file protein.cif (mmCIF, C-alpha atoms)
data_model
#
loop_
_atom_site.label_atom_id
_atom_site.label_comp_id
_atom_site.auth_asym_id
_atom_site.auth_seq_id
_atom_site.Cartn_x
_atom_site.Cartn_y
_atom_site.Cartn_z
CA MET A 279 -120.23 -7.98 -52.17
CA LYS A 280 -120.05 -5.20 -49.61
CA PRO A 281 -117.39 -2.54 -50.32
CA ALA A 282 -115.22 -2.05 -47.24
CA GLY A 283 -115.19 1.76 -47.50
CA ASN A 284 -118.82 2.03 -46.45
CA GLU A 285 -118.27 0.51 -43.02
CA ASP A 286 -116.10 3.12 -41.28
CA HIS A 287 -117.32 3.51 -37.70
CA SER A 288 -114.89 6.27 -36.72
CA ALA A 289 -116.18 9.81 -36.37
CA PRO A 290 -115.36 12.16 -39.24
CA PRO A 291 -112.63 14.63 -38.13
CA ALA A 292 -113.34 18.37 -37.82
CA TRP A 293 -112.08 20.85 -40.42
CA GLU A 294 -109.85 23.78 -39.50
CA ARG A 295 -111.18 27.24 -40.34
CA VAL A 296 -108.18 29.04 -41.86
CA SER A 297 -109.90 32.40 -42.36
CA SER A 298 -113.37 33.90 -42.13
CA GLU A 299 -114.67 37.27 -43.28
CA VAL A 300 -118.06 38.93 -43.42
CA ARG A 301 -119.16 39.58 -47.00
CA HIS A 302 -122.48 41.48 -46.88
CA GLU A 303 -124.96 42.64 -44.25
CA TYR A 304 -128.67 42.13 -44.92
CA MET A 305 -131.81 42.83 -42.90
CA VAL A 306 -132.10 39.58 -40.90
CA PHE A 307 -128.90 37.74 -41.86
CA ARG A 308 -125.40 38.36 -43.19
CA THR A 309 -123.07 36.40 -45.43
CA ARG A 310 -119.59 35.17 -44.57
CA HIS A 311 -116.78 33.67 -46.62
CA ASP A 312 -114.66 30.97 -44.98
CA ARG A 313 -111.47 29.20 -46.04
CA VAL A 314 -111.45 25.70 -44.53
CA ARG A 315 -108.71 23.07 -44.47
CA SER A 316 -109.64 19.45 -45.11
CA PRO A 317 -108.37 16.99 -42.50
CA MET A 318 -108.21 14.35 -45.24
CA ASN A 319 -105.88 15.94 -47.77
CA GLY A 320 -104.70 19.21 -46.15
CA GLU A 321 -106.14 21.25 -49.03
CA VAL A 322 -107.91 24.57 -48.39
CA TYR A 323 -111.42 25.07 -49.83
CA ASP A 324 -113.73 28.11 -50.10
CA TRP A 325 -117.14 28.06 -48.48
CA ASP A 326 -119.96 30.64 -48.29
CA ILE A 327 -122.14 30.80 -45.21
CA VAL A 328 -125.38 32.55 -44.21
CA GLU A 329 -125.10 33.80 -40.63
CA SER A 330 -128.62 33.92 -39.23
CA PRO A 331 -129.45 34.72 -35.61
CA ASP A 332 -130.72 32.18 -33.10
CA ALA A 333 -134.50 31.97 -33.10
CA VAL A 334 -137.28 30.34 -31.15
CA ALA A 335 -140.37 28.32 -32.11
CA VAL A 336 -143.08 27.83 -29.50
CA LEU A 337 -145.42 24.85 -29.30
CA ALA A 338 -148.21 26.15 -27.08
CA LEU A 339 -151.17 23.97 -26.08
CA THR A 340 -154.55 25.18 -24.85
CA GLU A 341 -156.40 23.39 -22.05
CA ALA A 342 -158.40 21.70 -24.83
CA ARG A 343 -155.06 20.32 -26.18
CA GLU A 344 -155.07 22.45 -29.29
CA LEU A 345 -151.87 23.85 -30.76
CA VAL A 346 -151.82 27.65 -31.07
CA MET A 347 -150.58 28.10 -34.63
CA ILE A 348 -150.52 30.99 -37.09
CA GLU A 349 -151.07 31.49 -40.77
CA GLN A 350 -149.14 34.30 -42.41
CA PHE A 351 -147.83 35.35 -45.81
CA ARG A 352 -144.09 34.66 -46.04
CA HIS A 353 -141.78 36.45 -48.46
CA GLY A 354 -139.19 33.65 -48.74
CA THR A 355 -141.66 31.15 -50.19
CA GLY A 356 -144.15 33.78 -51.48
CA GLU A 357 -147.05 31.89 -49.92
CA VAL A 358 -149.36 31.79 -46.94
CA VAL A 359 -147.76 29.34 -44.51
CA LEU A 360 -149.07 27.53 -41.43
CA GLU A 361 -146.43 27.71 -38.70
CA LEU A 362 -145.73 27.77 -35.01
CA PRO A 363 -145.33 31.24 -33.52
CA GLY A 364 -141.70 32.25 -33.20
CA GLY A 365 -138.97 34.63 -34.19
CA VAL A 366 -135.48 35.90 -33.53
CA LEU A 367 -134.20 36.10 -29.95
CA ASP A 368 -133.72 39.65 -28.72
CA GLU A 369 -130.27 40.63 -27.40
CA GLY A 370 -129.70 38.82 -24.10
CA GLU A 371 -133.15 37.22 -24.13
CA ALA A 372 -133.52 33.62 -22.90
CA PRO A 373 -135.29 31.20 -25.28
CA ILE A 374 -138.30 30.56 -23.00
CA GLU A 375 -138.81 34.27 -22.46
CA ALA A 376 -138.54 34.85 -26.23
CA GLY A 377 -141.00 32.04 -26.97
CA LEU A 378 -143.64 33.41 -24.59
CA ARG A 379 -143.08 36.94 -25.95
CA GLU A 380 -143.49 35.81 -29.58
CA LEU A 381 -146.59 33.81 -28.63
CA ARG A 382 -148.13 36.89 -27.00
CA GLU A 383 -147.16 39.28 -29.81
CA GLU A 384 -148.14 37.04 -32.73
CA THR A 385 -151.29 35.45 -31.29
CA GLY A 386 -152.42 37.41 -28.20
CA TYR A 387 -152.17 34.15 -26.23
CA THR A 388 -150.47 33.80 -22.87
CA ALA A 389 -149.11 30.50 -21.55
CA GLY A 390 -147.51 29.43 -18.32
CA ASP A 391 -145.51 26.33 -17.51
CA ALA A 392 -143.00 26.60 -20.33
CA GLU A 393 -139.97 24.37 -20.91
CA LEU A 394 -137.20 23.91 -23.46
CA LEU A 395 -137.63 20.87 -25.72
CA GLY A 396 -134.17 21.26 -27.27
CA THR A 397 -132.75 22.96 -30.34
CA LEU A 398 -132.73 22.34 -34.09
CA ALA A 399 -130.18 22.98 -36.82
CA LEU A 400 -131.99 24.36 -39.85
CA ASN A 401 -129.45 24.04 -42.61
CA PRO A 402 -126.07 22.77 -41.36
CA ALA A 403 -124.53 22.85 -44.85
CA PHE A 404 -124.31 26.63 -45.10
CA GLN A 405 -126.29 28.33 -42.32
CA THR A 406 -125.48 29.20 -38.70
CA GLY A 407 -127.98 29.82 -35.91
CA ARG A 408 -130.15 27.37 -34.05
CA ILE A 409 -133.90 27.19 -33.43
CA HIS A 410 -134.73 26.83 -29.74
CA LEU A 411 -137.91 24.83 -29.15
CA VAL A 412 -140.20 25.91 -26.34
CA ARG A 413 -143.24 23.95 -25.20
CA ALA A 414 -145.89 25.71 -23.10
CA TYR A 415 -149.16 24.55 -21.58
CA GLY A 416 -152.36 26.30 -20.58
CA ALA A 417 -152.32 28.79 -23.45
CA ARG A 418 -155.32 31.14 -23.61
CA SER A 419 -156.27 34.31 -25.45
CA THR A 420 -155.62 37.19 -23.04
CA ASP A 421 -154.40 40.18 -25.03
CA ASP A 422 -154.53 41.88 -28.37
CA LYS A 423 -151.75 40.90 -30.75
CA GLU A 424 -148.76 43.27 -30.94
CA LEU A 425 -147.63 43.02 -34.54
CA ASP A 426 -145.06 45.01 -36.48
CA GLU A 427 -146.83 47.05 -39.14
CA ALA A 428 -145.58 44.61 -41.82
CA GLU A 429 -146.93 41.54 -39.97
CA ASP A 430 -150.36 39.95 -40.39
CA THR A 431 -150.83 36.72 -38.45
CA ARG A 432 -154.06 34.70 -38.19
CA VAL A 433 -154.43 32.41 -35.19
CA ARG A 434 -155.35 28.79 -35.93
CA LEU A 435 -156.19 26.41 -33.07
CA ILE A 436 -155.32 22.92 -34.27
CA PRO A 437 -155.62 19.69 -32.25
CA VAL A 438 -152.43 17.61 -32.23
CA ALA A 439 -154.10 14.75 -34.14
CA GLU A 440 -155.21 17.17 -36.86
CA ALA A 441 -151.71 18.63 -37.08
CA ILE A 442 -150.35 15.10 -37.66
CA SER A 443 -152.99 14.54 -40.38
CA ARG A 444 -151.91 17.81 -41.98
CA VAL A 445 -148.28 16.67 -42.00
CA ARG A 446 -149.37 13.47 -43.75
CA GLU A 447 -151.44 15.40 -46.32
CA GLY A 448 -148.84 18.13 -46.85
CA SER A 449 -150.86 21.14 -45.63
CA LEU A 450 -148.42 21.51 -42.72
CA ASP A 451 -145.06 21.49 -44.46
CA THR A 452 -142.50 23.66 -42.70
CA ALA A 453 -139.54 21.69 -41.38
CA VAL A 454 -139.42 23.53 -38.04
CA ALA A 455 -143.12 23.06 -37.22
CA ILE A 456 -143.04 19.35 -38.14
CA ALA A 457 -139.79 18.69 -36.25
CA THR A 458 -141.10 20.51 -33.18
CA LEU A 459 -144.37 18.58 -33.29
CA ALA A 460 -142.38 15.33 -33.55
CA ARG A 461 -140.24 16.28 -30.55
CA HIS A 462 -143.42 17.00 -28.61
CA VAL A 463 -145.19 13.76 -29.57
CA TRP A 464 -142.11 11.57 -29.15
CA ASN A 465 -141.10 13.09 -25.82
CA GLU A 466 -141.93 11.17 -22.67
CA ASP A 467 -144.67 13.65 -21.81
CA GLY A 468 -145.87 13.57 -25.39
CA ASP A 469 -146.42 9.83 -25.29
CA ARG A 470 -149.78 10.53 -23.68
CA GLU A 471 -150.84 12.75 -26.59
CA PRO A 472 -153.30 13.47 -28.00
CA GLY A 473 -156.10 14.26 -25.65
CA ALA A 474 -154.43 13.01 -22.45
CA GLU A 475 -154.43 14.96 -19.22
CA ARG A 476 -151.06 16.26 -18.07
CA MET B 276 -162.15 38.32 -21.80
CA LYS B 277 -161.19 37.19 -25.28
CA PRO B 278 -159.99 39.99 -27.56
CA ALA B 279 -161.94 39.85 -30.83
CA GLY B 280 -158.87 40.45 -33.03
CA ASN B 281 -157.47 37.01 -32.29
CA GLU B 282 -160.38 35.14 -33.85
CA ASP B 283 -160.09 36.05 -37.54
CA HIS B 284 -160.80 32.95 -39.60
CA SER B 285 -160.16 34.55 -43.00
CA ALA B 286 -156.96 33.72 -44.87
CA PRO B 287 -154.25 36.39 -44.78
CA PRO B 288 -154.05 38.10 -48.21
CA ALA B 289 -150.96 37.78 -50.42
CA TRP B 290 -148.47 40.63 -50.78
CA GLU B 291 -147.58 42.13 -54.16
CA ARG B 292 -143.92 41.99 -55.16
CA VAL B 293 -143.23 45.46 -56.57
CA SER B 294 -139.61 44.81 -57.58
CA SER B 295 -136.98 42.12 -57.16
CA GLU B 296 -133.26 42.20 -57.91
CA VAL B 297 -130.37 39.82 -57.38
CA ARG B 298 -127.82 41.25 -54.94
CA HIS B 299 -124.89 38.80 -54.74
CA GLU B 300 -123.99 35.39 -56.12
CA TYR B 301 -122.42 32.84 -53.78
CA MET B 302 -121.33 29.24 -54.18
CA VAL B 303 -124.59 27.41 -53.37
CA PHE B 304 -127.06 30.29 -52.99
CA ARG B 305 -127.59 33.89 -54.01
CA THR B 306 -129.20 36.88 -52.32
CA ARG B 307 -132.11 38.93 -53.64
CA HIS B 308 -133.67 42.22 -52.56
CA ASP B 309 -137.44 42.56 -52.91
CA ARG B 310 -139.81 45.50 -52.49
CA VAL B 311 -143.19 44.19 -51.33
CA ARG B 312 -146.53 46.00 -50.94
CA SER B 313 -148.64 45.27 -47.90
CA PRO B 314 -152.26 44.36 -48.64
CA MET B 315 -153.20 45.90 -45.27
CA ASN B 316 -151.92 49.45 -45.60
CA GLY B 317 -150.61 49.71 -49.19
CA GLU B 318 -147.12 50.62 -47.94
CA VAL B 319 -144.01 49.20 -49.62
CA TYR B 320 -141.40 47.41 -47.48
CA ASP B 321 -137.88 46.11 -48.17
CA TRP B 322 -137.07 42.44 -47.73
CA ASP B 323 -133.85 40.43 -48.23
CA ILE B 324 -134.09 36.85 -49.42
CA VAL B 325 -131.69 33.90 -49.77
CA GLU B 326 -132.38 32.05 -53.02
CA SER B 327 -131.31 28.46 -52.48
CA PRO B 328 -131.86 25.67 -54.99
CA ASP B 329 -134.35 22.85 -54.53
CA ALA B 330 -132.81 19.89 -52.78
CA VAL B 331 -133.66 16.33 -51.84
CA ALA B 332 -133.42 14.29 -48.63
CA VAL B 333 -133.70 10.52 -48.87
CA LEU B 334 -135.04 8.24 -46.16
CA ALA B 335 -133.73 4.83 -47.22
CA LEU B 336 -134.52 1.66 -45.26
CA THR B 337 -132.58 -1.59 -45.35
CA GLU B 338 -134.34 -4.95 -45.31
CA ALA B 339 -133.56 -4.99 -41.54
CA ARG B 340 -135.56 -1.72 -41.27
CA GLU B 341 -132.55 0.44 -40.52
CA LEU B 342 -132.27 3.99 -41.80
CA VAL B 343 -129.21 4.64 -43.95
CA MET B 344 -127.88 7.87 -42.42
CA ILE B 345 -124.59 9.74 -42.61
CA GLU B 346 -122.35 11.64 -40.24
CA GLN B 347 -120.32 14.46 -41.74
CA PHE B 348 -118.63 17.69 -40.71
CA ARG B 349 -120.76 20.69 -41.75
CA HIS B 350 -119.38 24.17 -42.27
CA GLY B 351 -122.61 26.05 -41.46
CA THR B 352 -122.81 24.74 -37.91
CA GLY B 353 -119.08 23.89 -37.62
CA GLU B 354 -119.91 20.46 -36.22
CA VAL B 355 -120.23 16.80 -37.11
CA VAL B 356 -123.91 16.28 -37.90
CA LEU B 357 -126.07 13.15 -38.24
CA GLU B 358 -128.30 13.56 -41.30
CA LEU B 359 -130.16 11.83 -44.06
CA PRO B 360 -128.28 11.62 -47.36
CA GLY B 361 -129.27 14.36 -49.75
CA GLY B 362 -128.23 17.36 -51.76
CA VAL B 363 -129.10 19.82 -54.48
CA LEU B 364 -131.08 18.63 -57.51
CA ASP B 365 -129.06 18.64 -60.72
CA GLU B 366 -130.42 20.60 -63.69
CA GLY B 367 -133.54 18.81 -64.99
CA GLU B 368 -133.20 15.98 -62.50
CA ALA B 369 -136.38 14.53 -60.92
CA PRO B 370 -136.43 14.36 -57.09
CA ILE B 371 -136.56 10.54 -56.90
CA GLU B 372 -133.66 10.22 -59.32
CA ALA B 373 -131.70 12.82 -57.31
CA GLY B 374 -132.45 11.05 -54.03
CA LEU B 375 -131.23 7.68 -55.30
CA ARG B 376 -128.13 9.34 -56.82
CA GLU B 377 -127.26 11.13 -53.56
CA LEU B 378 -127.82 7.90 -51.62
CA ARG B 379 -125.43 6.05 -53.92
CA GLU B 380 -122.79 8.78 -53.97
CA GLU B 381 -122.83 9.59 -50.24
CA THR B 382 -123.27 6.06 -48.85
CA GLY B 383 -122.57 3.50 -51.59
CA TYR B 384 -126.07 2.11 -50.99
CA THR B 385 -128.57 1.32 -53.73
CA ALA B 386 -132.32 1.22 -53.14
CA GLY B 387 -135.27 0.34 -55.30
CA ASP B 388 -138.95 1.04 -54.81
CA ALA B 389 -138.66 4.78 -54.19
CA GLU B 390 -141.51 7.24 -53.75
CA LEU B 391 -142.03 10.94 -52.98
CA LEU B 392 -143.22 11.66 -49.43
CA GLY B 393 -143.83 15.35 -50.16
CA THR B 394 -141.82 18.54 -49.79
CA LEU B 395 -140.69 20.80 -46.95
CA ALA B 396 -140.17 24.54 -46.65
CA LEU B 397 -136.96 25.15 -44.72
CA ASN B 398 -137.16 28.79 -43.80
CA PRO B 399 -140.22 30.51 -45.30
CA ALA B 400 -139.35 33.87 -43.73
CA PHE B 401 -136.39 34.61 -45.99
CA GLN B 402 -135.38 31.55 -48.01
CA THR B 403 -136.63 30.05 -51.28
CA GLY B 404 -136.24 26.46 -52.42
CA ARG B 405 -137.96 23.34 -51.18
CA ILE B 406 -136.67 20.03 -49.87
CA HIS B 407 -138.17 17.06 -51.72
CA LEU B 408 -138.53 13.99 -49.51
CA VAL B 409 -137.87 10.59 -51.03
CA ARG B 410 -138.51 7.30 -49.26
CA ALA B 411 -136.85 4.15 -50.57
CA TYR B 412 -136.93 0.51 -49.46
CA GLY B 413 -134.55 -2.40 -49.81
CA ALA B 414 -131.38 -0.32 -49.45
CA ARG B 415 -128.12 -2.28 -49.50
CA SER B 416 -124.43 -1.55 -49.83
CA THR B 417 -123.51 -2.21 -53.46
CA ASP B 418 -120.88 0.31 -54.53
CA ASP B 419 -118.04 2.46 -53.31
CA LYS B 420 -119.05 5.98 -52.35
CA GLU B 421 -118.48 8.68 -54.98
CA LEU B 422 -117.62 11.76 -52.94
CA ASP B 423 -116.39 15.17 -54.01
CA GLU B 424 -112.85 15.67 -52.75
CA ALA B 425 -114.15 18.03 -50.02
CA GLU B 426 -116.74 15.49 -48.77
CA ASP B 427 -116.24 12.90 -46.02
CA THR B 428 -119.39 10.98 -45.10
CA ARG B 429 -119.62 8.07 -42.65
CA VAL B 430 -122.53 5.68 -43.03
CA ARG B 431 -124.62 5.01 -39.93
CA LEU B 432 -127.32 2.33 -39.98
CA ILE B 433 -129.92 3.36 -37.42
CA PRO B 434 -133.18 1.52 -36.64
CA VAL B 435 -136.26 3.75 -36.75
CA ALA B 436 -136.91 3.31 -33.01
CA GLU B 437 -133.34 4.40 -32.22
CA ALA B 438 -133.70 7.44 -34.48
CA ILE B 439 -136.81 8.45 -32.53
CA SER B 440 -134.88 8.01 -29.24
CA ARG B 441 -132.12 10.20 -30.65
CA VAL B 442 -134.64 12.91 -31.52
CA ARG B 443 -135.89 12.79 -27.92
CA GLU B 444 -132.33 12.98 -26.52
CA GLY B 445 -131.17 15.64 -28.99
CA SER B 446 -128.43 13.63 -30.75
CA LEU B 447 -130.50 13.79 -33.96
CA ASP B 448 -131.28 17.49 -34.26
CA THR B 449 -131.51 18.62 -37.86
CA ALA B 450 -134.95 19.91 -38.81
CA VAL B 451 -135.02 18.14 -42.18
CA ALA B 452 -134.08 14.70 -40.83
CA ILE B 453 -136.60 14.92 -37.98
CA ALA B 454 -139.40 16.22 -40.22
CA THR B 455 -138.71 13.50 -42.81
CA LEU B 456 -138.69 10.81 -40.13
CA ALA B 457 -142.01 12.16 -38.81
CA ARG B 458 -143.53 12.07 -42.30
CA HIS B 459 -142.37 8.48 -42.65
CA VAL B 460 -143.68 7.34 -39.27
CA TRP B 461 -146.98 9.23 -39.52
CA ASN B 462 -147.68 8.15 -43.08
CA GLU B 463 -150.14 5.35 -43.66
CA ASP B 464 -147.33 2.97 -44.57
CA GLY B 465 -145.31 4.21 -41.62
CA ASP B 466 -148.03 3.31 -39.14
CA ARG B 467 -146.69 -0.23 -39.23
CA GLU B 468 -143.22 0.97 -38.18
CA PRO B 469 -140.95 -0.03 -36.60
CA GLY B 470 -140.13 -3.60 -37.47
CA ALA B 471 -143.22 -4.35 -39.54
CA GLU B 472 -143.09 -6.12 -42.87
CA ARG B 473 -144.06 -4.06 -45.89
#

call {"tool": "encode", "arguments": {"input": "protein.cif", "output": "structure tokens"}}
result
Amino acid sequence: MKPAGNEDHSAPPAWERVSSEVRHEYMVFRTRHDRVRSPMNGEVYDWDIVESPDAVAVLALTEARELVMIEQFRHGTGEVVLELPGGVLDEGEAPIEAGLRELREETGYTAGDAELLGTLALNPAFQTGRIHLVRAYGARSTDDKELDEAEDTRVRLIPVAEAISRVREGSLDTAVAIATLARHVWNEDGDREPGAER
Amino acid sequence: MKPAGNEDHSAPPAWERVSSEVRHEYMVFRTRHDRVRSPMNGEVYDWDIVESPDAVAVLALTEARELVMIEQFRHGTGEVVLELPGGVLDEGEAPIEAGLRELREETGYTAGDAELLGTLALNPAFQTGRIHLVRAYGARSTDDKELDEAEDTRVRLIPVAEAISRVREGSLDTAVAIATLARHVWNEDGDREPGAER
């Protein structure tokens, strides 16, 4: 027997934010405390939020259809992680511009022909900020990297098919890199991947 | 000309954590301040981290090969979001057990035949905690939902092919749901998707 309560096709109503105050400032993010009113019962609940800035991840492909990826030690997970280049948007910077800048700084690669693939929410439960996804073609090594003194990135050129194998095996395991790769492969242009001419 | 510095095939060395202290406790997460020593120059740098608990996301398929998803209002993004069921692991709870519990509580669906697809890192730059991915087959509506009083989930049954279309269009845009869907589709079992018999 199918309980009726599981078949509600209406959209869930939005909550009202009754109050909102910044709690603490940190290096990359800050915390905020909200009071939110439930549209179901009118009650007010507390909720803590991490405000993180908008960021960009760039999926750059070489002429040989390799992804320009990086390995770096990350302090959140305490491990060396394989990722797409990316970072926080500078003040007033457009996502495509930011993506090409991060690509150049973190890998020394330059790409042309860049486009927005969309945006991702990282952690809707308690985190603000979106990840803008930039796809760029024709990436090639043109410059020295420009790293902050606390950064140490190693460039890894990885064919799309190998990246998919790594997702399957677990050696590519960051949500943003996998989701961006999926958006690339599942996009109309991506349907010709891997190895297809543009 | 290809700058030599971009072709370093060695793995980046790990950093030493010199000190680590909890800063503030919040409802779902807490903040931590680390001092970390660079293996490149021996200097010590400050770094702020969000410690978030391990969580689970469950990709449950009905016999008709639909994904059991939910729509709910989320306070981090301040929007109604389409997601996979999931949540924080209870103390001592195994990921598969947690995934089936969250599925039952948030959707009223029961599934058997569950397996781990792997884990994801959400935000390696400044966040701890991994997302365990559980895949389950044979999901069907068996119970009433068991929601906290501040929860309001609406079940959405979405065929795999439609979920992929939604990723392409941007109406499915959470990193965890997209990455989990990709792991499902790209897995050996998933190669027969959509619409294939097990």

call {"tool": "closest_residue", "arguments": {"input": "protein.cif", "among": "A:Val336, A:Val358, A:Ala414, A:Val328", "to": "Arg432 (chain A)", "atoms": "only C-alpha atoms"}}
result
A:Val358

call {"tool": "residues_around", "arguments": {"input": "protein.cif", "residues": "Thr458 (chain A)", "least_positions_apart": "3", "cutoff": "8 Å", "atoms": "only C-alpha atoms", "output": "PyMOL selection string"}}
result
chain A and resi 335+337+411+454-455+461-462

call {"tool": "residues_around", "arguments": {"input": "protein.cif", "residues": "Asp365 (chain B)", "least_positions_apart": "4", "cutoff": "9 Å", "atoms": "all atoms listed in the file", "output": "ChimeraX atom specification"}}
result
/B:330,369,373

call {"tool": "residues_around", "arguments": {"input": "protein.cif", "residues": "Arg413 (chain A)", "least_positions_apart": "5", "cutoff": "7 Å", "atoms": "only C-alpha atoms", "output": "PDB file with C-alpha atoms, in the coordinates of the input"}}
result
ATOM      1  CA  VAL A 336    -143.080  27.830 -29.500  1.00  0.00           C
ATOM      2  CA  LEU A 337    -145.420  24.850 -29.300  1.00  0.00           C
ATOM      3  CA  ALA A 338    -148.210  26.150 -27.080  1.00  0.00           C
ATOM      4  CA  ALA A 392    -143.000  26.600 -20.330  1.00  0.00           C
ATOM      5  CA  GLU A 393    -139.970  24.370 -20.910  1.00  0.00           C
ATOM      6  CA  LEU A 394    -137.200  23.910 -23.460  1.00  0.00           C
ATOM      7  CA  LEU A 395    -137.630  20.870 -25.720  1.00  0.00           C
TER       8      LEU A 395
END

call {"tool": "residues_around", "arguments": {"input": "protein.cif", "residues": "region 432-439 of chain B", "least_positions_apart": "6", "cutoff": "6 Å", "atoms": "all atoms listed in the file", "output": "list in words"}}
result
Glu341, Leu342 and Val343 of chain B

call {"tool": "write_last_selection", "arguments": {"input": "protein.cif", "atoms": "C-alpha atoms", "output": "short mmCIF file (atom, residue, chain, number, x, y, z; two decimals), in the coordinates of the input"}}
result
data_model
loop_
_atom_site.label_atom_id
_atom_site.label_comp_id
_atom_site.auth_asym_id
_atom_site.auth_seq_id
_atom_site.Cartn_x
_atom_site.Cartn_y
_atom_site.Cartn_z
CA GLU B 341 -132.55 0.44 -40.52
CA LEU B 342 -132.27 3.99 -41.80
CA VAL B 343 -129.21 4.64 -43.95
#

call {"tool": "residues_near_point", "arguments": {"input": "protein.cif", "point": "(-121.1, 5.8, -47.1)", "cutoff": "9 Å", "atoms": "only C-alpha atoms", "output": "PyMOL selection string"}}
result
(chain A and resi 283-286) or (chain B and resi 343-345+378-384+416+419-421+427-431)

call {"tool": "resolve_selection", "arguments": {"input": "protein.cif", "expression": "the PyMOL selection byres ((chain A and resi 389) around 6)", "output": "PDB file with C-alpha atoms, in the frame of the given file"}}
result
ATOM      1  CA  THR A 388    -150.470  33.800 -22.870  1.00  0.00           C
ATOM      2  CA  GLY A 390    -147.510  29.430 -18.320  1.00  0.00           C
ATOM      3  CA  ALA A 414    -145.890  25.710 -23.100  1.00  0.00           C
ATOM      4  CA  TYR A 415    -149.160  24.550 -21.580  1.00  0.00           C
ATOM      5  CA  GLY A 416    -152.360  26.300 -20.580  1.00  0.00           C
ATOM      6  CA  ALA A 417    -152.320  28.790 -23.450  1.00  0.00           C
TER       7      ALA A 417
END

call {"tool": "closest_residue", "arguments": {"input": "protein.cif", "among": "A:Ala292, A:Met305, A:Ile327, A:Ile456", "to": "Leu395 (chain B)", "atoms": "only C-alpha atoms"}}
result
A:Ile456

call {"tool": "closest_residue", "arguments": {"input": "protein.cif", "among": "B:Leu359, B:Val319, B:Val303, B:Ala396", "to": "Glu291 (chain B)", "atoms": "only C-alpha atoms"}}
result
B:Val319

call {"tool": "decode", "arguments": {"input": "protein.cif", "residues": "region 316-346 of chain B", "atoms": "C-alpha atoms", "output": "JSON list (two decimals), in the first residue's frame"}}
result
[["chain", "number", "residue", "atom", "x", "y", "z"],
["B", 316, "ASN", "CA", 60.21, 26.77, 2.02],
["B", 317, "GLY", "CA", 59.77, 25.61, 5.64],
["B", 318, "GLU", "CA", 57.57, 28.63, 6.43],
["B", 319, "VAL", "CA", 54.48, 28.26, 8.63],
["B", 320, "TYR", "CA", 51.12, 29.52, 7.32],
["B", 321, "ASP", "CA", 47.69, 30.00, 8.92],
["B", 322, "TRP", "CA", 44.67, 28.16, 7.56],
["B", 323, "ASP", "CA", 40.99, 28.11, 8.62],
["B", 324, "ILE", "CA", 39.00, 24.92, 8.19],
["B", 325, "VAL", "CA", 35.32, 23.92, 8.42],
["B", 326, "GLU", "CA", 35.01, 20.54, 10.14],
["B", 327, "SER", "CA", 31.83, 18.95, 8.84],
["B", 328, "PRO", "CA", 30.73, 15.41, 9.66],
["B", 329, "ASP", "CA", 30.77, 12.54, 7.18],
["B", 330, "ALA", "CA", 27.51, 12.27, 5.31],
["B", 331, "VAL", "CA", 25.77, 9.97, 2.87],
["B", 332, "ALA", "CA", 23.93, 10.48, -0.42],
["B", 333, "VAL", "CA", 21.74, 7.67, -1.73],
["B", 334, "LEU", "CA", 21.00, 6.97, -5.37],
["B", 335, "ALA", "CA", 17.93, 4.73, -5.19],
["B", 336, "LEU", "CA", 16.29, 3.29, -8.30],
["B", 337, "THR", "CA", 12.73, 2.01, -8.58],
["B", 338, "GLU", "CA", 11.91, -1.10, -10.60],
["B", 339, "ALA", "CA", 10.89, 1.33, -13.40],
["B", 340, "ARG", "CA", 14.48, 2.71, -13.28],
["B", 341, "GLU", "CA", 13.49, 6.06, -11.83],
["B", 342, "LEU", "CA", 15.70, 7.88, -9.35],
["B", 343, "VAL", "CA", 14.03, 8.63, -6.02],
["B", 344, "MET", "CA", 14.92, 12.31, -5.54],
["B", 345, "ILE", "CA", 13.65, 15.08, -3.30],
["B", 346, "GLU", "CA", 12.91, 18.76, -3.60]]
